[in-house]
$ cat start.cif   # mmCIF, N, CA and C atoms
data_model
#
loop_
_atom_site.label_atom_id
_atom_site.label_comp_id
_atom_site.auth_asym_id
_atom_site.auth_seq_id
_atom_site.Cartn_x
_atom_site.Cartn_y
_atom_site.Cartn_z
N MET A 1 -126.05 68.90 58.60
CA MET A 1 -125.54 67.56 58.78
C MET A 1 -124.01 67.60 58.83
N PRO A 2 -123.39 66.90 59.78
CA PRO A 2 -121.92 66.90 59.86
C PRO A 2 -121.30 66.29 58.62
N ARG A 3 -120.09 66.73 58.33
CA ARG A 3 -119.37 66.26 57.15
C ARG A 3 -119.10 64.76 57.22
N SER A 4 -118.72 64.26 58.38
CA SER A 4 -118.44 62.84 58.52
C SER A 4 -119.31 62.27 59.64
N LYS A 5 -120.55 62.01 59.31
CA LYS A 5 -121.53 61.52 60.27
C LYS A 5 -121.00 60.27 60.98
N GLY A 6 -121.13 60.24 62.28
CA GLY A 6 -120.65 59.10 63.05
C GLY A 6 -119.21 59.22 63.50
N ARG A 7 -118.52 60.26 63.05
CA ARG A 7 -117.12 60.44 63.44
C ARG A 7 -116.83 61.85 63.90
N THR A 8 -117.83 62.47 64.53
CA THR A 8 -117.65 63.81 65.08
C THR A 8 -118.34 63.87 66.44
N GLY A 9 -118.05 64.89 67.18
CA GLY A 9 -118.73 65.12 68.44
C GLY A 9 -118.10 64.42 69.63
N ARG A 10 -118.65 64.74 70.77
CA ARG A 10 -118.13 64.23 72.03
C ARG A 10 -118.24 62.70 72.13
N ARG A 11 -119.37 62.13 71.70
CA ARG A 11 -119.54 60.67 71.77
C ARG A 11 -118.46 59.96 70.97
N TRP A 12 -118.16 60.45 69.77
CA TRP A 12 -117.13 59.83 68.94
C TRP A 12 -115.76 59.95 69.59
N ARG A 13 -115.42 61.14 70.09
CA ARG A 13 -114.12 61.32 70.73
C ARG A 13 -113.96 60.42 71.95
N ARG A 14 -115.02 60.26 72.73
CA ARG A 14 -114.96 59.37 73.90
C ARG A 14 -114.82 57.91 73.49
N ALA A 15 -115.58 57.49 72.48
CA ALA A 15 -115.49 56.10 72.02
C ALA A 15 -114.10 55.81 71.46
N ARG A 16 -113.56 56.73 70.69
CA ARG A 16 -112.23 56.55 70.12
C ARG A 16 -111.16 56.50 71.22
N ALA A 17 -111.28 57.39 72.20
CA ALA A 17 -110.33 57.40 73.32
C ALA A 17 -110.41 56.10 74.11
N GLN A 18 -111.62 55.59 74.32
CA GLN A 18 -111.78 54.33 75.04
C GLN A 18 -111.18 53.18 74.25
N LEU A 19 -111.38 53.16 72.94
CA LEU A 19 -110.80 52.13 72.08
C LEU A 19 -109.28 52.15 72.19
N PHE A 20 -108.68 53.33 72.12
CA PHE A 20 -107.22 53.44 72.18
C PHE A 20 -106.69 53.11 73.57
N ALA A 21 -107.51 53.29 74.62
CA ALA A 21 -107.08 52.96 75.98
C ALA A 21 -107.16 51.46 76.26
N GLU A 22 -108.14 50.78 75.66
CA GLU A 22 -108.40 49.39 76.00
C GLU A 22 -107.86 48.37 75.00
N ALA A 23 -107.89 48.69 73.72
CA ALA A 23 -107.49 47.72 72.69
C ALA A 23 -105.97 47.74 72.50
N PRO A 24 -105.37 46.60 72.20
CA PRO A 24 -103.92 46.57 71.95
C PRO A 24 -103.56 47.40 70.71
N ASP A 25 -102.34 47.93 70.71
CA ASP A 25 -101.88 48.79 69.62
C ASP A 25 -101.46 47.94 68.41
N LEU A 26 -102.43 47.23 67.85
CA LEU A 26 -102.19 46.43 66.64
C LEU A 26 -103.28 46.73 65.64
N CYS A 27 -102.88 46.93 64.41
CA CYS A 27 -103.83 47.18 63.33
C CYS A 27 -104.57 45.88 63.03
N TRP A 28 -105.88 45.94 62.97
CA TRP A 28 -106.66 44.74 62.71
C TRP A 28 -106.58 44.32 61.24
N LEU A 29 -106.05 45.18 60.37
CA LEU A 29 -105.96 44.86 58.95
C LEU A 29 -104.61 44.27 58.56
N CYS A 30 -103.51 44.83 59.10
CA CYS A 30 -102.19 44.31 58.72
C CYS A 30 -101.47 43.63 59.87
N GLY A 31 -101.92 43.86 61.13
CA GLY A 31 -101.33 43.20 62.28
C GLY A 31 -100.10 43.88 62.87
N HIS A 32 -99.72 45.03 62.33
CA HIS A 32 -98.54 45.74 62.84
C HIS A 32 -98.94 46.79 63.87
N ALA A 33 -97.98 47.16 64.72
CA ALA A 33 -98.22 48.17 65.76
C ALA A 33 -98.12 49.58 65.18
N GLY A 34 -98.50 50.57 65.98
CA GLY A 34 -98.39 51.97 65.58
C GLY A 34 -99.66 52.54 64.98
N THR A 35 -100.82 52.09 65.45
CA THR A 35 -102.09 52.54 64.87
C THR A 35 -102.40 53.98 65.25
N THR A 36 -103.07 54.67 64.35
CA THR A 36 -103.42 56.07 64.57
C THR A 36 -104.90 56.35 64.34
N ASP A 37 -105.65 55.40 63.79
CA ASP A 37 -107.05 55.61 63.45
C ASP A 37 -107.95 54.56 64.08
N ALA A 38 -109.23 54.90 64.13
CA ALA A 38 -110.27 53.94 64.50
C ALA A 38 -111.06 53.63 63.23
N ASP A 39 -111.28 52.36 62.97
CA ASP A 39 -111.99 51.91 61.77
C ASP A 39 -113.28 51.24 62.19
N HIS A 40 -114.32 51.41 61.38
CA HIS A 40 -115.59 50.74 61.63
C HIS A 40 -115.61 49.39 60.90
N GLU A 41 -116.02 48.35 61.60
CA GLU A 41 -116.22 47.05 60.98
C GLU A 41 -117.48 46.45 61.56
N PRO A 42 -118.55 46.36 60.78
CA PRO A 42 -118.65 46.64 59.36
C PRO A 42 -118.55 48.14 59.06
N ALA A 43 -118.51 48.47 57.79
CA ALA A 43 -118.32 49.85 57.36
C ALA A 43 -119.40 50.77 57.93
N LEU A 44 -119.05 52.03 58.07
CA LEU A 44 -119.95 53.03 58.63
C LEU A 44 -121.29 53.06 57.89
N LYS A 45 -121.27 53.02 56.58
CA LYS A 45 -122.52 53.05 55.80
C LYS A 45 -123.40 51.85 56.12
N THR A 46 -122.78 50.69 56.33
CA THR A 46 -123.53 49.49 56.68
C THR A 46 -124.14 49.63 58.06
N LEU A 47 -123.38 50.16 59.01
CA LEU A 47 -123.90 50.37 60.36
C LEU A 47 -125.11 51.30 60.34
N GLU A 48 -125.01 52.39 59.57
CA GLU A 48 -126.11 53.34 59.48
C GLU A 48 -127.33 52.71 58.83
N ARG A 49 -127.11 51.93 57.78
CA ARG A 49 -128.21 51.28 57.08
C ARG A 49 -128.94 50.30 58.00
N LEU A 50 -128.20 49.63 58.88
CA LEU A 50 -128.79 48.66 59.80
C LEU A 50 -129.33 49.31 61.07
N GLY A 51 -129.10 50.61 61.23
CA GLY A 51 -129.58 51.33 62.40
C GLY A 51 -128.75 51.07 63.64
N LEU A 52 -127.48 50.70 63.47
CA LEU A 52 -126.59 50.42 64.59
C LEU A 52 -125.77 51.65 64.95
N ASP A 53 -125.32 51.71 66.18
CA ASP A 53 -124.58 52.86 66.69
C ASP A 53 -123.11 52.81 66.23
N PRO A 54 -122.65 53.79 65.43
CA PRO A 54 -121.26 53.77 64.97
C PRO A 54 -120.24 54.06 66.08
N CYS A 55 -120.69 54.51 67.25
CA CYS A 55 -119.78 54.77 68.37
C CYS A 55 -119.69 53.58 69.32
N ASP A 56 -120.37 52.50 69.03
CA ASP A 56 -120.33 51.30 69.86
C ASP A 56 -118.97 50.62 69.67
N LEU A 57 -118.30 50.32 70.77
CA LEU A 57 -116.96 49.73 70.70
C LEU A 57 -116.94 48.36 70.02
N ARG A 58 -118.08 47.68 69.96
CA ARG A 58 -118.12 46.39 69.26
C ARG A 58 -117.81 46.52 67.78
N TYR A 59 -118.04 47.72 67.22
CA TYR A 59 -117.86 47.93 65.79
C TYR A 59 -116.62 48.75 65.45
N LEU A 60 -115.79 49.03 66.44
CA LEU A 60 -114.58 49.83 66.20
C LEU A 60 -113.33 48.97 66.32
N ARG A 61 -112.38 49.21 65.43
CA ARG A 61 -111.10 48.50 65.43
C ARG A 61 -109.99 49.52 65.22
N ARG A 62 -108.82 49.24 65.78
CA ARG A 62 -107.66 50.11 65.56
C ARG A 62 -107.05 49.80 64.20
N ALA A 63 -106.65 50.85 63.48
CA ALA A 63 -106.06 50.69 62.15
C ALA A 63 -105.08 51.81 61.88
N HIS A 64 -104.26 51.64 60.84
CA HIS A 64 -103.35 52.70 60.40
C HIS A 64 -104.11 53.66 59.51
N GLY A 65 -103.85 54.94 59.70
CA GLY A 65 -104.56 55.96 58.95
C GLY A 65 -103.71 56.61 57.88
N VAL A 66 -103.85 57.91 57.73
CA VAL A 66 -103.19 58.64 56.65
C VAL A 66 -101.67 58.65 56.78
N THR A 67 -101.15 58.47 57.99
CA THR A 67 -99.69 58.43 58.15
C THR A 67 -99.12 57.10 57.70
N GLY A 68 -99.94 56.08 57.61
CA GLY A 68 -99.48 54.77 57.13
C GLY A 68 -98.81 53.95 58.21
N CYS A 69 -98.65 52.68 57.92
CA CYS A 69 -98.02 51.74 58.83
C CYS A 69 -96.51 51.96 58.82
N PRO A 70 -95.88 52.07 60.00
CA PRO A 70 -94.43 52.24 60.03
C PRO A 70 -93.67 51.00 59.56
N THR A 71 -94.32 49.85 59.53
CA THR A 71 -93.66 48.61 59.11
C THR A 71 -93.82 48.34 57.62
N CYS A 72 -95.08 48.33 57.14
CA CYS A 72 -95.31 47.97 55.73
C CYS A 72 -95.66 49.16 54.85
N GLY A 73 -95.93 50.34 55.46
CA GLY A 73 -96.22 51.53 54.68
C GLY A 73 -97.65 51.64 54.18
N ARG A 74 -98.47 50.64 54.42
CA ARG A 74 -99.85 50.61 53.93
C ARG A 74 -100.71 51.58 54.73
N LYS A 75 -101.60 52.28 54.07
CA LYS A 75 -102.60 53.12 54.72
C LYS A 75 -103.86 52.26 54.83
N CYS A 76 -103.86 51.42 55.84
CA CYS A 76 -104.84 50.33 55.97
C CYS A 76 -106.29 50.81 55.92
N ASN A 77 -106.64 51.81 56.73
CA ASN A 77 -108.02 52.26 56.80
C ASN A 77 -108.48 52.83 55.46
N GLN A 78 -107.62 53.58 54.78
CA GLN A 78 -107.98 54.15 53.50
C GLN A 78 -108.06 53.08 52.41
N SER A 79 -107.19 52.08 52.45
CA SER A 79 -107.22 51.06 51.41
C SER A 79 -108.42 50.14 51.58
N LYS A 80 -108.92 49.99 52.81
CA LYS A 80 -110.11 49.18 53.04
C LYS A 80 -111.33 49.90 52.50
N GLY A 81 -111.44 51.19 52.77
CA GLY A 81 -112.59 51.96 52.32
C GLY A 81 -113.88 51.45 52.94
N THR A 82 -114.92 51.27 52.13
CA THR A 82 -116.20 50.80 52.63
C THR A 82 -116.40 49.31 52.42
N LYS A 83 -115.36 48.63 51.98
CA LYS A 83 -115.47 47.18 51.76
C LYS A 83 -115.54 46.45 53.10
N THR A 84 -116.17 45.29 53.08
CA THR A 84 -116.15 44.41 54.23
C THR A 84 -114.99 43.46 54.05
N MET A 85 -114.16 43.35 55.06
CA MET A 85 -112.98 42.51 54.95
C MET A 85 -113.34 41.05 55.23
N LEU A 86 -112.84 40.16 54.39
CA LEU A 86 -113.03 38.73 54.58
C LEU A 86 -111.68 38.11 54.94
N PRO A 87 -111.69 37.00 55.67
CA PRO A 87 -110.42 36.36 55.97
C PRO A 87 -109.72 35.91 54.69
N ALA A 88 -108.41 36.06 54.65
CA ALA A 88 -107.66 35.64 53.47
C ALA A 88 -107.68 34.12 53.35
N SER A 89 -107.82 33.62 52.13
CA SER A 89 -107.82 32.17 51.96
C SER A 89 -106.38 31.68 52.02
N PRO A 90 -106.14 30.53 52.66
CA PRO A 90 -104.78 30.04 52.83
C PRO A 90 -104.13 29.58 51.53
N THR A 91 -104.91 29.16 50.54
CA THR A 91 -104.34 28.71 49.27
C THR A 91 -105.15 29.30 48.13
N SER A 92 -104.61 29.20 46.93
CA SER A 92 -105.29 29.74 45.77
C SER A 92 -106.43 28.85 45.29
N ARG A 93 -106.41 27.58 45.63
CA ARG A 93 -107.50 26.69 45.26
C ARG A 93 -107.65 25.57 46.30
N ALA A 94 -108.83 24.96 46.29
CA ALA A 94 -109.08 23.87 47.23
C ALA A 94 -108.44 22.60 46.73
N TRP A 95 -107.75 21.89 47.58
CA TRP A 95 -107.08 20.65 47.18
C TRP A 95 -107.90 19.49 47.61
#

$ encode --input "start.cif" --output "C-alpha cells"
Amino acid sequence: MPRSKGRTGRRWRRARAQLFAEAPDLCWLCGHAGTTDADHEPALKTLERLGLDPCDLRYLRRAHGVTGCPTCGRKCNQSKGTKTMLPASPTSRAW
C-alpha cells in the first residue's frame, strides 16, 4: 500500500497539474497567492470513506504547503489537517 494513498502515481500528478493549470493561484484557506500544494476538501479520509475519487478536481483546492504563505506565513494545508473547514462567522454572537 502506498504511503500516502490518493496522492501518488500518474493519476495524482495529472490531477494536480490540471488543478494548477486551471485554478487561480489563490489559497482557498487564507486567500493569498503563492500556493504550492493541492488540498482535498472534504478531507482525504472522508473521500475514501464515502468511496469518492480523491483525484477528482471537484474535491481539490489550491493551498499553501510546507513552505508557508509568503504573505501571512501560515502553513494552511498542514494547519487544516483532516478537519472540515466551515465558513467563519461574521460576529461572536447573534444580535

$ atom_distance --input "start.cif" --atom1 "CA of Leu52 in chain A" --atom2 "CA of Gly34 in chain A"
28.3 Å

$ select_by_dssp --input "start.cif" --residues "chain A" --states "alpha helix (DSSP H)" --output "PyMOL selection string"
chain A and resi 9-22+44-50+76-80

$ closest_residue --input "start.cif" --among "A:Arg62, A:Lys80, A:Lys75, A:Arg16" --to "Thr36 in chain A" --atoms "all atoms listed in the file"
A:Arg62

$ resolve_selection --input "start.cif" --expression "the PyMOL selection byres ((chain A and resi 63) around 7)" --output "list in words"
Leu26, Cys27, Trp28, Leu29, Gly34, Thr35, Thr36, Asp37, Ala38, Asp39, Arg61, Arg62, His64, Gly65, Cys76 and Asn77 of chain A

$ atom_distance --input "start.cif" --atom1 "atom C of Pro54 in chain A" --atom2 "atom C of His40 in chain A"
8.4 Å

$ closest_residue --input "start.cif" --among "A:Arg7, A:Lys45, A:Gly73, A:Leu57" --to "Ala23 in chain A" --atoms "only C-alpha atoms"
A:Leu57

$ resolve_selection --input "start.cif" --expression "the PyMOL selection byres (((chain A and resi 18 and name CA) around 12) and name CA)" --output "PyMOL selection string"
chain A and resi 11-17+19-24+38+55-58+60-62

$ write_last_selection --input "start.cif" --atoms "N, CA and C atoms" --output "PDB file, in the frame of the given file"
ATOM      1  N   ARG A  11    -119.370  62.130  71.700  1.00  0.00           N
ATOM      2  CA  ARG A  11    -119.540  60.670  71.770  1.00  0.00           C
ATOM      3  C   ARG A  11    -118.460  59.960  70.970  1.00  0.00           C
ATOM      4  N   TRP A  12    -118.160  60.450  69.770  1.00  0.00           N
ATOM      5  CA  TRP A  12    -117.130  59.830  68.940  1.00  0.00           C
ATOM      6  C   TRP A  12    -115.760  59.950  69.590  1.00  0.00           C
ATOM      7  N   ARG A  13    -115.420  61.140  70.090  1.00  0.00           N
ATOM      8  CA  ARG A  13    -114.120  61.320  70.730  1.00  0.00           C
ATOM      9  C   ARG A  13    -113.960  60.420  71.950  1.00  0.00           C
ATOM     10  N   ARG A  14    -115.020  60.260  72.730  1.00  0.00           N
ATOM     11  CA  ARG A  14    -114.960  59.370  73.900  1.00  0.00           C
ATOM     12  C   ARG A  14    -114.820  57.910  73.490  1.00  0.00           C
ATOM     13  N   ALA A  15    -115.580  57.490  72.480  1.00  0.00           N
ATOM     14  CA  ALA A  15    -115.490  56.100  72.020  1.00  0.00           C
ATOM     15  C   ALA A  15    -114.100  55.810  71.460  1.00  0.00           C
ATOM     16  N   ARG A  16    -113.560  56.730  70.690  1.00  0.00           N
ATOM     17  CA  ARG A  16    -112.230  56.550  70.120  1.00  0.00           C
ATOM     18  C   ARG A  16    -111.160  56.500  71.220  1.00  0.00           C
ATOM     19  N   ALA A  17    -111.280  57.390  72.200  1.00  0.00           N
ATOM     20  CA  ALA A  17    -110.330  57.400  73.320  1.00  0.00           C
ATOM     21  C   ALA A  17    -110.410  56.100  74.110  1.00  0.00           C
ATOM     22  N   LEU A  19    -111.380  53.160  72.940  1.00  0.00           N
ATOM     23  CA  LEU A  19    -110.800  52.130  72.080  1.00  0.00           C
ATOM     24  C   LEU A  19    -109.280  52.150  72.190  1.00  0.00           C
ATOM     25  N   PHE A  20    -108.680  53.330  72.120  1.00  0.00           N
ATOM     26  CA  PHE A  20    -107.220  53.440  72.180  1.00  0.00           C
ATOM     27  C   PHE A  20    -106.690  53.110  73.570  1.00  0.00           C
ATOM     28  N   ALA A  21    -107.510  53.290  74.620  1.00  0.00           N
ATOM     29  CA  ALA A  21    -107.080  52.960  75.980  1.00  0.00           C
ATOM     30  C   ALA A  21    -107.160  51.460  76.260  1.00  0.00           C
ATOM     31  N   GLU A  22    -108.140  50.780  75.660  1.00  0.00           N
ATOM     32  CA  GLU A  22    -108.400  49.390  76.000  1.00  0.00           C
ATOM     33  C   GLU A  22    -107.860  48.370  75.000  1.00  0.00           C
ATOM     34  N   ALA A  23    -107.890  48.690  73.720  1.00  0.00           N
ATOM     35  CA  ALA A  23    -107.490  47.720  72.690  1.00  0.00           C
ATOM     36  C   ALA A  23    -105.970  47.740  72.500  1.00  0.00           C
ATOM     37  N   PRO A  24    -105.370  46.600  72.200  1.00  0.00           N
ATOM     38  CA  PRO A  24    -103.920  46.570  71.950  1.00  0.00           C
ATOM     39  C   PRO A  24    -103.560  47.400  70.710  1.00  0.00           C
ATOM     40  N   ALA A  38    -109.230  54.900  64.130  1.00  0.00           N
ATOM     41  CA  ALA A  38    -110.270  53.940  64.500  1.00  0.00           C
ATOM     42  C   ALA A  38    -111.060  53.630  63.230  1.00  0.00           C
ATOM     43  N   CYS A  55    -120.690  54.510  67.250  1.00  0.00           N
ATOM     44  CA  CYS A  55    -119.780  54.770  68.370  1.00  0.00           C
ATOM     45  C   CYS A  55    -119.690  53.580  69.320  1.00  0.00           C
ATOM     46  N   ASP A  56    -120.370  52.500  69.030  1.00  0.00           N
ATOM     47  CA  ASP A  56    -120.330  51.300  69.860  1.00  0.00           C
ATOM     48  C   ASP A  56    -118.970  50.620  69.670  1.00  0.00           C
ATOM     49  N   LEU A  57    -118.300  50.320  70.770  1.00  0.00           N
ATOM     50  CA  LEU A  57    -116.960  49.730  70.700  1.00  0.00           C
ATOM     51  C   LEU A  57    -116.940  48.360  70.020  1.00  0.00           C
ATOM     52  N   ARG A  58    -118.080  47.680  69.960  1.00  0.00           N
ATOM     53  CA  ARG A  58    -118.120  46.390  69.260  1.00  0.00           C
ATOM     54  C   ARG A  58    -117.810  46.520  67.780  1.00  0.00           C
ATOM     55  N   LEU A  60    -115.790  49.030  66.440  1.00  0.00           N
ATOM     56  CA  LEU A  60    -114.580  49.830  66.200  1.00  0.00           C
ATOM     57  C   LEU A  60    -113.330  48.970  66.320  1.00  0.00           C
ATOM     58  N   ARG A  61    -112.380  49.210  65.430  1.00  0.00           N
ATOM     59  CA  ARG A  61    -111.100  48.500  65.430  1.00  0.00           C
ATOM     60  C   ARG A  61    -109.990  49.520  65.220  1.00  0.00           C
ATOM     61  N   ARG A  62    -108.820  49.240  65.780  1.00  0.00           N
ATOM     62  CA  ARG A  62    -107.660  50.110  65.560  1.00  0.00           C
ATOM     63  C   ARG A  62    -107.050  49.800  64.200  1.00  0.00           C
TER      64      ARG A  62
END

$ resolve_selection --input "start.cif" --expression "the PyMOL selection byres (((chain A and resi 43 and name CA) around 9) and name CA)" --output "list in words"
Asp39, His40, Glu41, Pro42, Leu44, Lys45, Thr46, Leu47, Glu48, Tyr59, Gly81, Thr82, Lys83 and Thr84 of chain A

$ atom_distance --input "start.cif" --atom1 "atom N of Arg74 in chain A" --atom2 "CA of Asp25 in chain A"
15.7 Å
